[in-house]
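**Student:** query23.txt is reproduced in full below (compact mmCIF, C-alpha atoms).
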# COMPACT_ATOMS: atom_id res chain seq x y z
CA MET A 1 -38.16 9.72 20.46
CA GLU A 2 -37.41 11.74 17.39
CA SER A 3 -36.24 10.07 14.18
CA VAL A 4 -33.93 11.80 11.68
CA GLY A 5 -33.37 11.38 7.95
CA GLN A 6 -31.37 13.17 5.29
CA ALA A 7 -31.05 13.23 1.51
CA ARG A 8 -28.96 14.98 -1.09
CA GLY A 9 -30.16 17.54 -3.59
CA PHE A 10 -29.03 20.57 -5.57
CA SER A 11 -30.40 24.09 -5.65
CA MET A 12 -29.80 26.41 -8.61
CA LEU A 13 -27.81 29.61 -8.10
CA GLY A 14 -26.90 31.76 -11.10
CA GLY A 15 -27.23 28.86 -13.49
CA GLN A 16 -24.98 26.64 -11.35
CA ALA A 17 -26.03 23.58 -9.37
CA VAL A 18 -25.22 24.11 -5.67
CA PRO A 19 -25.01 21.00 -3.43
CA ALA A 20 -27.57 20.90 -0.63
CA ILE A 21 -28.42 18.51 2.18
CA VAL A 22 -32.03 18.22 3.34
CA ARG A 23 -32.51 17.05 6.93
CA ALA A 24 -35.83 15.93 8.33
CA GLU A 25 -36.94 15.16 11.90
CA ALA A 26 -40.13 13.33 12.72
CA GLY A 27 -41.41 13.82 16.24
CA GLN A 28 -44.41 13.69 18.52
CA GLY A 29 -47.27 16.08 17.98
CA ALA A 30 -50.07 16.92 15.63
CA PRO A 31 -49.38 16.41 11.90
CA ALA A 32 -47.61 19.52 10.63
CA ILE A 33 -44.63 20.41 8.45
CA THR A 34 -42.19 23.21 9.23
CA ILE A 35 -39.44 24.32 6.85
CA ALA A 36 -36.15 25.97 7.95
CA GLY A 37 -33.64 27.46 5.58
CA LEU A 38 -36.04 28.91 3.00
CA PRO A 39 -37.96 32.18 2.76
CA ASP A 40 -41.37 31.93 4.41
CA ALA A 41 -43.39 31.86 1.20
CA THR A 42 -41.09 29.35 -0.48
CA GLY A 43 -41.03 27.17 2.62
CA ALA A 44 -44.82 27.24 2.89
CA GLY A 45 -45.12 26.10 -0.72
CA LEU A 46 -42.72 23.22 -0.16
CA GLY A 47 -44.54 22.24 3.01
CA ALA A 48 -47.85 22.09 1.17
CA ARG A 49 -46.38 19.95 -1.61
CA LEU A 50 -44.85 17.56 0.93
CA ALA A 51 -48.10 17.29 2.82
CA GLY A 52 -49.92 16.37 -0.37
CA ALA A 53 -47.34 13.76 -1.37
CA LEU A 54 -46.61 12.16 2.03
CA ALA A 55 -49.72 12.66 4.21
CA PRO A 56 -47.61 12.67 7.41
CA SER A 57 -49.16 11.39 10.61
CA ALA A 58 -46.80 13.30 12.93
CA ARG A 59 -44.78 16.50 13.07
CA LEU A 60 -42.06 16.94 10.44
CA ASP A 61 -39.31 19.53 10.72
CA ILE A 62 -37.41 20.03 7.43
CA ASP A 63 -34.05 21.82 7.33
CA ILE A 64 -32.49 22.89 3.99
CA ARG A 65 -28.72 23.32 3.76
CA PRO A 66 -27.05 25.45 2.48
CA ARG A 67 -29.31 28.41 3.09
CA ARG A 68 -28.57 30.29 -0.13
CA GLY A 69 -29.99 30.75 -3.57
CA PRO A 70 -33.61 30.80 -4.63
CA VAL A 71 -35.25 27.39 -4.43
CA ALA A 72 -38.15 26.66 -6.76
CA HIS A 73 -38.97 22.94 -6.88
CA GLU A 74 -35.52 21.38 -7.28
CA LEU A 75 -35.32 20.27 -3.61
CA ASP A 76 -38.88 18.90 -3.38
CA LEU A 77 -37.90 15.28 -3.88
CA ALA A 78 -34.84 15.49 -1.62
CA ALA A 79 -37.08 16.81 1.14
CA ALA A 80 -39.57 13.99 0.52
CA LEU A 81 -36.84 11.33 0.74
CA ALA A 82 -35.43 12.80 3.94
CA ALA A 83 -38.95 12.86 5.41
CA LEU A 84 -39.60 9.24 4.39
CA VAL A 85 -36.41 8.19 6.21
CA ALA A 86 -37.43 10.22 9.27
CA MET A 87 -40.86 8.57 9.19
CA GLU A 88 -39.04 5.19 9.03
CA LYS A 89 -40.54 4.26 5.68
CA LEU A 90 -37.07 4.15 4.12
CA HIS A 91 -33.65 3.23 5.50
CA GLN A 92 -30.95 5.89 5.64
CA ALA A 93 -28.11 3.76 4.23
CA PRO A 94 -29.27 3.60 0.57
CA MET A 95 -29.57 7.40 0.46
CA ALA A 96 -25.77 7.63 0.20
CA ARG A 97 -26.06 6.46 -3.41
CA PHE A 98 -28.60 8.97 -4.65
CA VAL A 99 -29.16 12.61 -5.47
CA ALA A 100 -32.80 13.65 -5.81
CA ALA A 101 -33.77 16.29 -8.38
CA ALA A 102 -37.48 16.55 -9.08
CA GLY A 103 -40.48 18.65 -8.14
CA LEU A 104 -43.65 17.43 -6.46
CA LEU A 105 -47.00 17.72 -8.21
CA PRO A 106 -50.46 16.84 -6.81
CA GLY A 107 -50.78 13.21 -5.81
CA GLY A 108 -47.03 12.78 -5.33
CA VAL A 109 -46.33 12.84 -9.06
CA LEU A 110 -42.74 13.86 -9.87
CA GLY A 111 -42.37 16.93 -12.06
CA PRO A 112 -39.47 18.45 -14.04
CA ILE A 113 -37.09 21.06 -12.65
CA ASP A 114 -35.03 23.80 -14.26
CA GLY A 115 -31.31 23.06 -14.52
CA ILE A 116 -31.51 19.26 -14.68
CA GLU A 117 -28.49 19.21 -17.03
CA ALA A 118 -26.31 21.13 -14.57
CA VAL A 119 -27.38 18.83 -11.76
CA ALA A 120 -26.71 15.71 -13.85
CA ILE A 121 -23.15 16.86 -14.56
CA GLN A 122 -22.42 17.33 -10.86
CA VAL A 123 -24.02 14.01 -9.90
CA ALA A 124 -22.07 12.04 -12.51
CA ALA A 125 -18.80 13.62 -11.38
CA ARG A 126 -19.47 12.18 -7.92
CA ASP A 127 -20.26 8.66 -9.23
CA LEU A 128 -23.74 8.83 -7.74
CA THR A 129 -27.17 7.99 -9.15
CA LEU A 130 -29.54 10.79 -10.10
CA ILE A 131 -33.25 10.38 -9.35
CA CYS A 132 -35.41 12.53 -11.60
CA ALA A 133 -38.85 12.73 -13.17
CA ASP A 134 -39.58 10.44 -16.11
CA GLY A 135 -39.62 13.20 -18.68
CA GLN A 136 -36.10 14.43 -17.86
CA ALA A 137 -34.19 11.15 -17.95
CA ASP A 138 -32.88 11.55 -21.51
CA ALA A 139 -31.69 15.13 -20.96
CA ALA A 140 -29.96 14.15 -17.71
CA THR A 141 -28.23 11.16 -19.29
CA ARG A 142 -27.00 13.16 -22.27
CA ALA A 143 -25.66 15.95 -20.06
CA GLY A 144 -23.94 13.95 -17.34
CA GLY A 145 -23.43 10.50 -18.79
CA GLY A 146 -23.97 8.91 -15.37
CA THR A 147 -26.57 6.56 -13.89
CA VAL A 148 -30.09 7.97 -13.90
CA LEU A 149 -33.15 6.52 -12.16
CA SER A 150 -36.37 8.07 -13.49
CA VAL A 151 -39.70 7.41 -11.80
CA PRO A 152 -43.23 8.74 -12.25
CA ASP A 153 -44.20 9.36 -8.63
CA VAL A 154 -43.24 9.07 -4.97
CA ALA A 155 -45.16 5.83 -4.46
CA THR A 156 -43.17 4.09 -7.21
CA LEU A 157 -39.92 5.43 -5.86
CA LEU A 158 -40.81 4.26 -2.36
CA ARG A 159 -41.37 0.73 -3.70
CA GLN A 160 -38.03 0.79 -5.52
CA LEU A 161 -35.94 2.20 -2.72
CA GLY A 162 -37.78 0.02 -0.24
CA GLY A 163 -36.51 -3.07 -2.03
CA THR A 164 -39.65 -4.42 -3.69
CA THR A 165 -38.52 -3.31 -7.18
CA PRO A 166 -34.99 -3.89 -8.56
CA LEU A 167 -32.69 -0.87 -8.57
CA PRO A 168 -29.77 -0.11 -10.89
CA PRO A 169 -26.53 -1.68 -9.57
CA PRO A 170 -24.40 0.67 -7.47
CA ARG A 171 -21.28 2.12 -9.04
CA PRO A 172 -17.96 0.66 -7.80
CA GLY A 173 -16.51 2.52 -4.86
CA VAL A 174 -19.68 4.34 -3.88
CA GLY A 175 -20.54 4.06 -0.24
CA GLY A 176 -21.36 6.76 2.27
CA PHE A 177 -21.38 10.45 1.55
CA ALA A 178 -18.54 12.10 -0.36
CA GLU A 179 -15.55 13.18 1.67
CA GLY A 180 -15.41 16.79 2.72
CA GLY A 181 -17.16 18.97 5.30
CA VAL A 182 -19.54 17.54 7.89
CA ILE A 183 -22.79 18.39 9.62
CA ALA A 184 -23.88 16.80 12.87
CA LEU A 185 -27.15 14.86 12.87
CA ALA A 186 -28.23 14.31 16.43
CA GLY A 187 -30.15 11.10 16.92
CA SER A 188 -29.48 9.67 13.45
CA PRO A 189 -30.80 6.08 13.40
CA LEU A 190 -27.95 5.13 11.07
CA LEU A 191 -24.96 6.77 12.71
CA GLY A 192 -25.94 7.28 16.30
CA SER A 193 -26.36 10.41 18.38
CA GLY A 194 -24.16 13.30 17.33
CA ALA A 195 -22.29 11.37 14.61
CA PRO A 196 -20.87 13.55 11.82
CA VAL A 197 -22.12 12.85 8.32
CA PRO A 198 -19.79 13.95 5.49
CA VAL A 199 -21.36 16.09 2.78
CA PHE A 200 -20.22 17.42 -0.57
CA THR A 201 -16.68 18.73 -0.76
CA SER A 202 -16.35 22.47 -0.42
CA THR A 203 -15.30 24.14 -3.67
CA GLY A 204 -14.95 27.66 -2.37
CA PRO A 205 -11.72 29.61 -1.90
CA GLN A 206 -11.06 27.87 1.44
CA GLY A 207 -12.01 24.42 0.12
CA HIS A 208 -10.29 21.74 -1.92
CA ARG A 209 -9.92 23.87 -5.05
CA GLY A 210 -8.33 26.65 -3.06
CA ARG A 211 -5.87 24.22 -1.49
CA MET A 212 -4.99 22.83 -4.93
CA ARG A 213 -4.27 26.31 -6.25
CA GLU A 214 -2.14 27.12 -3.20
CA LYS A 215 -0.19 23.91 -3.75
CA VAL A 216 0.64 24.95 -7.31
CA LEU A 217 1.61 28.50 -6.35
CA GLU A 218 3.78 27.38 -3.44
CA ARG A 219 5.36 24.21 -4.83
CA GLY A 220 4.89 24.41 -8.60
CA THR A 221 3.15 22.04 -10.99
CA ASP A 222 5.83 19.37 -10.54
CA ALA A 223 4.25 18.68 -7.15
CA LEU A 224 1.05 17.50 -8.85
CA ALA A 225 0.32 13.93 -9.87
CA ASP A 226 -1.07 13.42 -13.37
CA TYR A 227 -4.62 12.98 -12.10
CA GLU A 228 -4.30 16.21 -10.11
CA VAL A 229 -3.26 18.17 -13.21
CA LEU A 230 -6.28 16.76 -15.04
CA GLU A 231 -8.47 17.43 -12.02
CA MET A 232 -7.50 21.10 -12.12
CA LEU A 233 -8.04 21.30 -15.87
CA LEU A 234 -11.56 20.02 -15.29
CA PHE A 235 -12.19 23.02 -13.03
CA LEU A 236 -12.70 24.86 -16.34
CA ALA A 237 -15.53 22.51 -17.27
CA TYR A 238 -17.15 22.24 -13.82
CA LYS A 239 -17.61 25.55 -12.05
CA MET A 240 -18.33 23.71 -8.82
CA GLY A 241 -17.91 20.22 -7.45
CA ASP A 242 -15.25 17.57 -6.97
CA THR A 243 -13.58 16.73 -10.30
CA LYS A 244 -11.11 14.19 -8.89
CA PRO A 245 -13.35 11.13 -9.55
CA LEU A 246 -13.80 12.12 -13.20
CA ALA A 247 -10.07 12.81 -13.64
CA LYS A 248 -9.19 9.34 -12.32
CA ARG A 249 -11.95 7.75 -14.41
CA LEU A 250 -10.60 9.36 -17.58
CA ILE A 251 -7.01 8.27 -16.88
CA ASN A 252 -8.21 4.72 -16.21
CA ALA A 253 -10.18 4.76 -19.45
CA PHE A 254 -7.31 6.01 -21.66
CA GLY A 255 -4.32 4.61 -19.80
CA SER A 256 -2.49 7.86 -19.03
CA PHE A 257 -2.74 11.62 -18.80
CA ALA A 258 -1.35 11.91 -22.32
CA GLY A 259 -3.89 9.38 -23.52
CA VAL A 260 -6.71 11.56 -22.22
CA LEU A 261 -5.41 14.75 -23.83
CA THR A 262 -4.92 13.07 -27.21
CA ALA A 263 -8.23 11.19 -27.22
CA PRO A 264 -10.71 12.27 -29.92
CA ALA A 265 -13.79 14.04 -28.60
CA GLY A 266 -16.00 11.15 -29.71
CA ALA A 267 -14.02 8.74 -27.56
CA LEU A 268 -14.39 10.92 -24.46
CA PHE A 269 -18.18 11.09 -24.37
CA PRO A 270 -18.82 7.44 -23.35
CA VAL A 271 -16.97 8.07 -20.05
CA PRO A 272 -19.53 8.87 -17.34
CA GLY A 273 -19.40 12.54 -16.41
CA VAL A 274 -18.02 13.73 -19.74
CA ASN A 275 -20.13 16.30 -21.52
CA ALA A 276 -19.51 18.94 -24.17
CA HIS A 277 -17.75 21.20 -21.64
CA VAL A 278 -15.28 18.47 -20.67
CA ALA A 279 -14.64 17.39 -24.26
CA THR A 280 -13.95 20.92 -25.47
CA THR A 281 -11.71 21.64 -22.47
CA VAL A 282 -9.57 18.59 -23.26
CA GLN A 283 -9.42 19.48 -26.96
CA VAL A 284 -8.43 23.09 -26.27
CA VAL A 285 -5.70 22.05 -23.82
CA ARG A 286 -4.31 19.66 -26.42
CA ALA A 287 -4.37 22.42 -29.04
CA ALA A 288 -2.55 24.75 -26.65
CA ALA A 289 0.19 22.16 -26.07
CA GLU A 290 0.59 21.62 -29.82
CA ARG A 291 0.75 25.33 -30.58
CA LEU A 292 3.29 25.92 -27.84
CA ALA A 293 5.51 23.16 -29.22
CA ARG A 294 5.09 24.49 -32.77
CA ALA A 295 5.90 28.05 -31.68
CA GLU A 296 9.26 26.88 -30.34
CA LEU A 297 10.12 25.68 -33.85
CA ALA A 298 8.79 28.59 -35.86
CA GLU A 299 11.88 30.82 -36.01
CA ARG A 300 14.60 28.19 -35.82
CA PRO A 301 16.16 25.96 -38.49
CA LEU A 302 14.48 22.60 -37.96
CA LEU A 303 17.55 20.55 -38.81
CA ASN A 304 19.42 22.19 -35.91
CA ASN A 305 16.58 21.62 -33.43
CA TRP A 306 15.92 17.94 -33.93
CA ASP A 307 14.94 17.17 -30.31
CA LYS A 308 12.28 19.89 -30.29
CA LEU A 309 11.01 18.73 -33.67
CA ILE A 310 10.60 15.15 -32.48
CA ALA A 311 8.93 16.33 -29.26
CA TYR A 312 6.45 18.36 -31.30
CA LEU A 313 5.67 15.54 -33.73
CA THR A 314 5.25 13.09 -30.86
CA THR A 315 2.79 15.45 -29.16
CA VAL A 316 0.76 15.87 -32.33
CA MET A 317 0.81 12.37 -33.77
CA ALA A 318 2.01 9.60 -31.46
CA ARG A 319 -1.43 8.63 -30.18
CA GLU A 320 -3.50 9.19 -33.31
CA PRO A 321 -5.83 6.18 -33.75
CA VAL A 322 -5.48 6.21 -37.57
CA GLU A 323 -2.61 6.98 -39.90
CA GLN A 324 -2.03 10.65 -40.60
CA PHE A 325 0.32 12.01 -43.24
CA ARG A 326 1.87 15.43 -42.63
CA VAL A 327 4.35 17.56 -44.53
CA LEU A 328 6.63 20.20 -43.02
CA PHE A 329 7.36 22.88 -45.64
CA LEU A 330 10.66 24.75 -45.15
CA ASP A 331 12.20 27.92 -46.54
CA THR A 332 15.74 28.44 -47.82
CA ARG A 333 17.04 28.61 -44.22
CA ASN A 334 15.17 25.42 -43.26
CA ARG A 335 12.70 27.35 -41.10
CA LEU A 336 9.14 26.13 -40.87
CA LEU A 337 6.79 27.76 -43.38
CA ALA A 338 3.84 25.47 -42.77
CA ASP A 339 2.90 22.21 -41.10
CA GLU A 340 -0.03 20.63 -42.91
CA SER A 341 -1.90 17.36 -42.76
CA LEU A 342 -2.38 16.11 -46.32
CA GLY A 343 -4.23 12.92 -45.56
CA ARG A 344 -5.82 10.62 -42.99
CA GLY A 345 -6.40 6.95 -43.61
CA THR A 346 -7.10 3.73 -41.76
CA VAL A 347 -5.27 2.11 -38.88
CA ASN A 348 -2.48 1.00 -41.21
CA HIS A 349 -2.63 2.96 -44.47
CA THR A 350 -2.87 6.52 -45.78
CA PRO A 351 -3.00 7.22 -49.52
CA VAL A 352 -0.25 9.67 -50.50
CA TYR A 353 -0.04 11.38 -53.90
CA PRO A 354 3.44 12.79 -54.66
CA ARG A 355 2.07 15.36 -57.10
CA GLU A 356 -0.14 16.87 -54.36
CA VAL A 357 2.86 17.19 -52.04
CA VAL A 358 4.95 18.92 -54.70
CA LYS A 359 2.08 21.16 -55.81
CA ARG A 360 1.58 22.40 -52.27
CA ALA A 361 5.33 23.01 -51.83
CA LEU A 362 5.35 25.22 -54.92
CA GLU A 363 2.29 27.16 -53.70
CA LEU A 364 4.08 27.92 -50.42
CA HIS A 365 7.39 28.72 -52.18
CA ALA A 366 9.02 26.01 -50.09
CA THR A 367 12.51 24.87 -51.06
CA ALA A 368 12.57 21.77 -48.83
CA ILE A 369 10.17 19.38 -47.14
CA ILE A 370 10.10 16.78 -44.38
CA LEU A 371 7.52 14.00 -44.60
CA VAL A 372 5.95 12.68 -41.40
CA HIS A 373 3.42 9.98 -40.69
CA ASN A 374 2.42 7.88 -37.71
CA HIS A 375 1.97 4.18 -37.07
CA PRO A 376 -1.06 3.64 -34.80
CA SER A 377 0.32 0.20 -33.90
CA GLY A 378 3.02 2.03 -31.91
CA ASP A 379 5.88 0.43 -33.85
CA PRO A 380 7.64 3.11 -35.97
CA THR A 381 9.58 0.62 -38.10
CA PRO A 382 9.23 1.68 -41.78
CA SER A 383 7.46 -0.72 -44.11
CA GLY A 384 8.38 -1.46 -47.70
CA GLU A 385 5.46 0.70 -48.82
CA ASP A 386 6.77 3.58 -46.68
CA VAL A 387 10.16 3.40 -48.38
CA GLU A 388 8.65 3.14 -51.87
CA MET A 389 6.36 6.14 -51.32
CA THR A 390 9.25 8.20 -49.93
CA LEU A 391 11.37 7.62 -53.03
CA GLU A 392 8.46 8.57 -55.29
CA VAL A 393 8.01 11.89 -53.47
CA LYS A 394 11.78 12.51 -53.49
CA ASN A 395 11.98 12.03 -57.26
CA ALA A 396 8.89 14.14 -57.97
CA ALA A 397 10.10 16.98 -55.71
CA GLY A 398 13.67 16.86 -57.01
CA THR A 399 12.63 17.50 -60.62
CA LEU A 400 11.22 20.88 -59.48
CA GLY A 401 14.06 21.85 -57.19
CA VAL A 402 12.42 20.91 -53.88
CA VAL A 403 14.66 18.92 -51.51
CA LEU A 404 13.28 16.06 -49.40
CA HIS A 405 15.29 16.19 -46.16
CA ASP A 406 13.73 13.23 -44.40
CA HIS A 407 10.72 11.05 -43.75
CA ILE A 408 10.00 10.59 -40.03
CA ILE A 409 7.72 7.85 -38.71
CA ILE A 410 6.16 8.43 -35.28
CA GLY A 411 4.84 5.69 -32.99
CA SER A 412 3.92 5.57 -29.33
CA GLY A 413 7.01 3.42 -28.86
CA GLY A 414 9.44 5.87 -30.47
CA TRP A 415 10.33 7.25 -33.89
CA ARG A 416 12.39 6.42 -36.97
CA SER A 417 14.15 8.57 -39.56
CA LEU A 418 14.45 7.05 -43.03
CA ARG A 419 17.56 9.15 -43.62
CA LYS A 420 19.21 7.85 -40.47
CA GLU A 421 18.17 4.34 -41.44
CA ARG A 422 19.87 4.95 -44.80
CA LEU A 423 16.61 4.25 -46.65
CA LEU A 424 16.36 7.66 -48.31
With the file now loaded, output its structure as structure tokens.
**Tutor:**
Amino acid sequence: MESVGQARGFSMLGGQAVPAIVRAEAGQGAPAITIAGLPDATGAGLGARLAGALAPSARLDIDIRPRRGPVAHELDLAAALAALVAMEKLHQAPMARFVAAAGLLPGGVLGPIDGIEAVAIQVAARDLTLICADGQADAATRAGGGTVLSVPDVATLLRQLGGTTPLPPPRPGVGGFAEGGVIALAGSPLLGSGAPVPVFTSTGPQGHRGRMREKVLERGTDALADYEVLEMLLFLAYKMGDTKPLAKRLINAFGSFAGVLTAPAGALFPVPGVNAHVATTVQVVRAAAERLARAELAERPLLNNWDKLIAYLTTVMAREPVEQFRVLFLDTRNRLLADESLGRGTVNHTPVYPREVVKRALELHATAIILVHNHPSGDPTPSGEDVEMTLEVKNAAGTLGVVLHDHIIIGSGGWRSLRKERLL
């Protein structure tokens, strides 16, 4: 009776990591390895490497899916794992946790592959564990931020996956293959004859991403939950793959969609799956939101558009982790000339020098100013120091004909105007 095994891998296509499933069948007959799904020469090379690493005692039929893209060595280890399951040297169930990305060298030694960073990003986004060669562990960890298992050779990996050596703990929620399309594996010892085994989610025009885009076009963005908006933003960072797990992970880490967009780049990187592409995408989206809000104020008198002004300041400052002091410089019609940050401090203090505020107002030919700063604690109630500093700036500006209209304090819990509080 034939025995079947499967393992995950990625092939490289145009610089992108393309999900692939390797299926192996072990059956009766003389020891031989056949490869389906690859060009003849490429398949023969993989067969020879597998024979050297596994020394099979029966016939092995290896099937690579999908059948696209040139395959160098990136699917070697996935094929070896699928074959080991088919030969009943490994159980199928643990394979749901792993993605294999390593080449095979003589003696079953694991070798590096091209594109390990791209693979690591995709693996981390799926909350899976990447298996790679020892020398590529650091690069994979830096790129994807997920769990990486690096081993020197197939024999060591067989001991680890076979249970004689401790493995890294599984990530919460990981079990079985990711939801999406299916392929039938007849005679699977794990699932039974003909049972469908889910594989990586389709990301093509007829897949999940296409359905998300259709949802927006047909029903508008109001139909999207916060995590779905973030999921679609992450399409810019990940050309392929399911970004929903990373979107939910980010929202859990920062408490809300707004918390993610306003998080500093340095705070994003510790989240598994975040790399430079994700961090820059988030930063650019935040900048776009700020510029849009600022553009709505540019040609209008600020004092007559108070709601838009507060919305803009809240977007820019409400979730800053340290105090930031900004000045809005206005012309004779109270239109915005410039919005500048003149200082950043600690979690509860920013040094402010009235002469610097007034000097900058004169350089910009501003006739009025509005002071703004945030309270990272979330409570916008003005302190005694806030009031004292405001009066110092008012007096310094007034001697040179510059009017201080207000001092606004922004917190995540609201805002306060010193003028409305009758403290100015």
**Student:** Could you work out how far CA of Asp76 in chain A lies from CA of Ala143 in chain A, giving the answer in Å with one decimal?
**Tutor:**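 Pair CA of Ala143 in chain A / CA of Asp76 in chain A returns 21.5 Å.
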**Student:** So which residues touch Asp406 in chain A within 9 Å, counting only C-alpha atoms, skipping near sequence neighbours fewer than 5 positions away, as a list in words?
**Tutor:**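 With the cut-off at 9 Å, the set is Ile369, Ile370, Leu371, Val372, Thr390, Ser417, Leu418, Arg419, Lys420 and Leu424 of chain A.
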**Student:** Let me make sure I understand: among A:Glu320, A:Asp386, A:Asp134, A:Glu228, which one has the smallest atom-to-atom distance to Thr156 in chain A if we use only C-alpha atoms?
**Tutor:**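 Using only C-alpha atoms, Thr156 in chain A sits closest to A:Asp134.
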**Student:** Using all atoms listed in the file, can you tell me which of A:Val271, A:Met232, A:Leu77, A:Val284 comes closest to Leu250 in chain A?
**Tutor:**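 Nearest to Leu250 in chain A: A:Val271.
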**Student:** Using all atoms listed in the file, which protein or nucleic acid residues come within 12 Å of Ala80 in chain A? Drop anything in the same chain fewer than 3 positions from it, and give the result as an MDAnalysis selection string.
**Tutor:** chainID A and resid 5:9 22:25 33 46:56 60:64 73:77 83:87 89:90 95 100:104 108:110 153:155 157:158
**Student:** Pick out the closest residue to Ala140 in chain A from this set: A:Leu13, A:Ala125, A:Ala120, A:Ala258. Count all atoms listed in the file.
**Tutor:**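 Of all the options, A:Ala120 lies closest to Ala140 in chain A.
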**Student:** Report the distance between CA of Arg416 in chain A and CA of Asn374 in chain A in Å, rounded to one decimal place.
**Tutor:** 10.1 Å
**Student:** Expressed in Å to a single decimal, how great is the separation between CA of Leu391 in chain A and CA of Arg319 in chain A?
**Tutor:**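 So the two atoms, CA of Leu391 in chain A and CA of Arg319 in chain A, lie 26.2 Å apart.
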**Student:** From the set A:Val4, A:Leu261, A:Ala79, A:Leu313, which residue has the shortest atom-to-atom contact distance to Ala288 in chain A, counting all atoms listed in the file?
**Tutor:** A:Leu261
**Student:** Would you please work out which residue, of A:Gly401, A:Asn305, A:Gly145, A:Leu130, is nearest to Pro270 in chain A when using all atoms listed in the file?
**Tutor:**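 Of the candidates, the smallest distance to Pro270 in chain A is held by A:Gly145.
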**Student:** Between A:Leu423, A:Ile21, A:Ala58, A:Ile409, which is the closest to Phe98 in chain A once you count only C-alpha atoms?
**Tutor:** A:Ile21
**Student:** Would you mind listing what lies within 6 Å of Ser150 in chain A as a count of residues only, with only C-alpha atoms counted and same-chain residues fewer than 2 positions away left out?
**Tutor:** 5
**Student:** Taking 3 positions as the minimum chain separation for residues in the same chain, which residues sit within 6 Å of Ala368 in chain A when counting all atoms listed in the file? Answer as a list in words.
**Tutor:** Leu330, Val402, Val403 and Leu404 of chain A
**Student:** Taking (9.3, 11.6, -32.3) in the file's coordinates as the center, which residues reach within 12 Å of it, counting only C-alpha atoms, put as a PyMOL selection string?
**Tutor:** chain A and resi 306-319+372-375+378-380+407-417
**Student:** Next, dump the selected residues to file, keeping only C-alpha atoms, as a compact mmCIF listing (two decimals), in the frame of the given file.
**Tutor:**
# COMPACT_ATOMS: atom_id res chain seq x y z
CA TRP A 306 15.92 17.94 -33.93
CA ASP A 307 14.94 17.17 -30.31
CA LYS A 308 12.28 19.89 -30.29
CA LEU A 309 11.01 18.73 -33.67
CA ILE A 310 10.60 15.15 -32.48
CA ALA A 311 8.93 16.33 -29.26
CA TYR A 312 6.45 18.36 -31.30
CA LEU A 313 5.67 15.54 -33.73
CA THR A 314 5.25 13.09 -30.86
CA THR A 315 2.79 15.45 -29.16
CA VAL A 316 0.76 15.87 -32.33
CA MET A 317 0.81 12.37 -33.77
CA ALA A 318 2.01 9.60 -31.46
CA ARG A 319 -1.43 8.63 -30.18
CA VAL A 372 5.95 12.68 -41.40
CA HIS A 373 3.42 9.98 -40.69
CA ASN A 374 2.42 7.88 -37.71
CA HIS A 375 1.97 4.18 -37.07
CA GLY A 378 3.02 2.03 -31.91
CA ASP A 379 5.88 0.43 -33.85
CA PRO A 380 7.64 3.11 -35.97
CA HIS A 407 10.72 11.05 -43.75
CA ILE A 408 10.00 10.59 -40.03
CA ILE A 409 7.72 7.85 -38.71
CA ILE A 410 6.16 8.43 -35.28
CA GLY A 411 4.84 5.69 -32.99
CA SER A 412 3.92 5.57 -29.33
CA GLY A 413 7.01 3.42 -28.86
CA GLY A 414 9.44 5.87 -30.47
CA TRP A 415 10.33 7.25 -33.89
CA ARG A 416 12.39 6.42 -36.97
CA SER A 417 14.15 8.57 -39.56
